[in-house]
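Data block below; observations after.
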Amino acid sequence: MKLGKFKLKGGTSLWVGGTLVGFVVLVAIFAPLIAHTDPVLDANLMNAEIPPDWEFWFGTDAQGRDIYSRIVYGSRISLTVGVVSQLLNSLIGITLGLTAGYWGGWWDDFVSGLTNMMLAIPSLIFALAIMAILGPGLSSLVIALGLTAWSYSCRLTRAQVLSLKSQGYIQAARILGYGDLRIMFTQILPNILGPLIVIATLGMGTAILAEAALSFLGLGIRPPFPSWGSMLSEARDQITTAPWLSVFPGLAIFFTVLGLNLLGDGLRDSLDPQSTTRRA
Amino acid sequence: MLSVLVRRLANVVPTLVAVIALVFLLFSVLPGSFISGMGEDGRTTIDPAVMERMRKEMGLDDPLPERFAKYIAHTATGDLGTSFRTREPVTYLIGQRVWPSVKLVFGAMFFAILIGVPLGFLAALKPGSLIDTASMVGAISGLSLSQFWLGLMLMYLFALQLKWLPSFGYGDGGIQHLILPAVALGVGPMALLARTTRAAVLDVLNADFVRTARSKGMSEPRVVKWHVMRNALVLVITTIGLQFGSLMGAAVVVEKLFAWPGVGSLLIDSVFQRDIPTVQGCILLIVTFFLVINTLVDLAYVAIDPRIRYGR
């Protein structure tokens with residue numbers, strides 16, 4: 001009876017998460033078609049601080065910009081930060097993990113030391129320090145978040161490589177004269193890709209939350225660009241007079257990250273060999 | 001117990017040294033020192049002679065290895081340098097902020113444990129029930145929330161609309177000022193604890209020793225109390241220890257939102273003022289605190305689970 005529940009759960013979160021994420025991706029792609037106005041330029045003080053109505057679905061801010069349009073465009077920033085930073089993290093983590101696990105020796109010790117150090121610094125604090133050095137902006141954000149969260153994929157890759165290394169097909173590849181790098185990337189990597197995709201999916205959600213936090217602190221995306229975090233940072237001062245300014249960007253962040261978390265959970269459940277046997 | 005501590009310290013000390021080196025190096029490549037910044041931002045004009053004297057005084061012209069050696073030596077003796085901005089010792093500046101931060105972080109963790117662990121426990125004992133589904137939906141939602149946004153919403157509802165609690169600040173240090181920031185900060189770890197506890201308890205409920213205990217006729221409450229809780233606790237405590245890391249990261253944002261006079265808001269203010277010694281000091285303090293917590297967690301394992309013996 002419990003097995004049935006598990007299958008249902010994995011299925012539901014995969015489905016709901018996939019729908020949410022797919023929706024946000026579509027919004028980001030078709031932003032110019034869906035948005036009512038330009039997110040930065042269409043300021044009109046005649047329309048300042050109008051509560052949500054039929055014309056301005058999510059209301060307008062102090063400069064009279066349409067919050068709905070800004071949120072639509074903001075999805076592009078959040079998704080870019082999430083995807084690119086996770087690509088960077090995966091690249092670093094997978095490369096270090098593969099080589100450390102496969103070669104062992106002093107390189108493995110070095111990578112393990114580096115990973116331990118990364119795990120000892122709260123990643124938001126580390127990203128904040130990098131942002132302080134690089135200065136605000138989208139590219140600094142991607143770098144800061146892409147360099148500070150690779151320890152999870154590195155650890156996982158290393159552990160998987162250690163358990164796969166002695167398998168017959170790896171030995172066979174070695175006897176056939178495959179080079180080390182070729183074995184790592186063509187023989188080992190495809191077999192451990194599933195859990196790495198789960199980590200990257202969940203990491204995207206974390207990166208989007210971190211982007212919002214850093215922008216809120218004034219270290220991420222600076223106004224007037226419509227990042228959800230910087231919108232919240234502007235909205236805070238008007239919380240008494242215009243609370244809708246704070247509500248909608250926060251909801252956008254919430255549903256996007258919820259989608260990614262559900263998708264990650266769903267993927268994990270369906271990739272887990274234990275739950276796949278239960279599928280049928 | 002002592003050998004565990006020694007083993008753990010052998011791990012912690014190199015990590016800490018590496019972090020000190022990293023923090024130092026990161027900020028010595030900062031483009032433009034504080035002093036040149038003072039002259040260039042147009043707000044202040046500094047006599048070049050004064051600037052030269054200050055650079056000398058602060059040792060900014062010395063070669064990097066020399067500065068690094070000095071930094072390590074000073075840090076080892078507990079001297080974190082002098083704030084560029086206020087010219088006070090960094091240890092003094094941080095010292096004033098530690099207590100509010102500790103209160104906030106532990107307050108948030110207390111809230112997270114108080115709600116998260118029992119919720120996960122109840123969910124696991126009745127898998128598939130309404131309480132299970134509701135708490136797991138709540139948990140994944142809690143993990144997807146932006147903490148400062150939650151704080152903003154709580155502030156709006158409970159402080160500005162209902163006027164039950166003060167909206168920001170530390171006040172006289174009373175509990176009513178702590179509630180909103182601690183709840184905003186604690187929801188994330190609470191959600192994660194609920195999930196971990198549920199998974200851990202489900203795992204233990206299927207273990208052989210639980211079946212044995214049941215088949216020898218032990219009553220269900222006793223099975224839960226003597227076997228399930230104790231074993232599930234190991235995983236729960238690990239999660240608590242690891243969560244302190246992200247909690248301290250998020251605390252920076254929550255402190256800023258609620259104008260809480262902690263280490264986090266000192267860190268942010270110092271970043272904007274380019275007060276590098278204070279920034280370095282704050283980061284070092286946060287990392288050290290996190291490492292200490294996790295060492296304590298390792299010691300707690302040994303106390304809880306007699307099967308765990310290091311080095312055997």
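A note on labels: chains of the structure tokens are A, B, ... as shown, every chain counts residues from 1, and ligands are counted from 1 in their shown order.
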
* Could the residues of chain A within 6 Å of chain B, counting only C-alpha atoms, be given as a PyMOL selection string, please? => chain A and resi 117+121-122+124-125+133+209+250+254+257-258

* **Spatial neighbours of Asn206 in chain B, 10 Å, only C-alpha atoms, chain gap at least 5 places, as a ChimeraX atom specification** => /B:201,211,228

* Non-local contacts of range 162-170 of chain B (7 Å; only C-alpha atoms; under 3 positions in same chain excluded) as a ChimeraX atom specification -> /B:155,157-159,173,176-177,258-261

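The coordinates place CA of Gln86 in chain A at 6.1 Å from CA of Gly146 in chain A.
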
* Could you pull the residues within 7 Å of Gly74 in chain A, counting only C-alpha atoms, minus those fewer than 2 positions along the same chain, as a ChimeraX atom specification? -> /A:70-72,76-78,226-228

Would you put the residues from that selection into a file with C-alpha atoms, as a short mmCIF file (atom, residue, chain, number, x, y, z; two decimals), in the first residue's frame?
```cif
data_model
loop_
_atom_site.label_atom_id
_atom_site.label_comp_id
_atom_site.auth_asym_id
_atom_site.auth_seq_id
_atom_site.Cartn_x
_atom_site.Cartn_y
_atom_site.Cartn_z
CA ARG A 70 7.95 43.71 -15.18
CA ILE A 71 7.26 40.29 -13.67
CA VAL A 72 6.89 38.75 -17.13
CA ARG A 76 14.08 35.92 -18.11
CA ILE A 77 16.56 37.12 -15.50
CA SER A 78 15.63 34.43 -12.98
CA PRO A 226 13.05 44.00 -13.62
CA SER A 227 14.61 41.27 -11.47
CA TRP A 228 12.10 39.87 -9.00
#
```

* Asked: Which residue out of B:Ala232, B:Ala303, B:Leu193, B:Ala69 has the minimum interatomic distance to Ala207 in chain B when only C-alpha atoms are used?
  -> B:Ala232

With only C-alpha atoms as the counted atoms, please give the residues lying no more than 8 Å from Leu162 in chain A, apart from itself and same-chain residues fewer than 4 positions off, as a compact mmCIF listing (two decimals) with N, CA and C atoms, in the first residue's frame.
```
# COMPACT_ATOMS: atom_id res chain seq x y z
N GLY A 101 37.75 11.03 -8.36
CA GLY A 101 37.37 9.65 -8.10
C GLY A 101 38.16 8.68 -8.96
N TYR A 102 38.45 9.06 -10.20
CA TYR A 102 39.10 8.12 -11.13
C TYR A 102 40.59 8.02 -10.86
N ARG A 158 32.03 11.90 -7.41
CA ARG A 158 33.18 11.17 -6.90
C ARG A 158 32.75 9.81 -6.31
N SER A 166 35.36 -0.27 -10.61
CA SER A 166 35.77 -1.67 -10.69
C SER A 166 34.84 -2.51 -11.58
```

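When CA of Leu147 in chain A is paired with CA of Ala127 in chain A, their separation reads 8.0 Å.
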
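When only C-alpha atoms are used to measure the gap to Ile92 in chain A, the shortest distance among A:Glu234, A:Leu134, A:Thr12, A:Ile143 belongs to A:Ile143.
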
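Taking CA of Asp66 in chain A and CA of Thr37 in chain A as endpoints, the distance between them is 6.8 Å.
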
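Among the candidates A:Gly64, A:Gly194, A:Pro136, A:Pro249, the one nearest to Ala235 in chain A when counting only C-alpha atoms is A:Pro249.
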
* Residue contacts of range 103-106 of chain A (12 Å, only C-alpha atoms) excluding same-chain residues fewer than 4 positions away, as JSON, numbers by chain -> {"A": [95, 96, 97, 98, 99, 110, 111, 112, 113, 158, 159, 161, 162, 165, 180, 181, 183, 184]}

Find the residues around Pro277 in chain B up to 8 Å (only C-alpha atoms counted), leave out those fewer than 3 positions away in its own chain, and share them as a JSON list (two decimals) with C-alpha atoms, in the first residue's frame.
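around32.json, freshly written:
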```json
[["chain", "number", "residue", "atom", "x", "y", "z"],
["B", 80, "LEU", "CA", 41.11, 40.70, 13.27],
["B", 81, "GLY", "CA", 42.49, 44.12, 12.46],
["B", 82, "THR", "CA", 41.09, 47.63, 12.64],
["B", 83, "SER", "CA", 37.98, 48.77, 10.83],
["B", 84, "PHE", "CA", 38.81, 51.06, 7.90],
["B", 90, "VAL", "CA", 37.03, 44.57, 14.31],
["B", 280, "GLN", "CA", 36.76, 39.45, 6.51],
["B", 281, "GLY", "CA", 36.13, 39.27, 10.25]]
```

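Distances from B:Pro189, B:Gly116, B:Gly241, B:Pro181 to Leu296 in chain B were compared using only C-alpha atoms, and the smallest one belongs to B:Gly241.
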
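For the choices A:Leu87, A:Ile221, A:Leu79, A:Ala172, the atom-to-atom distance to Leu138 in chain A is smallest for A:Ile221 when using only C-alpha atoms.
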
* To do: Based on DSSP run over this structure's backbone, return all residues of range 32-268 of chain A in alpha helix (DSSP H), as a PyMOL selection string.
  => chain A and resi 32-34+67-103+105-120+123-134+138-147+151-164+168-175+180-182+189-217+228-235+244-268
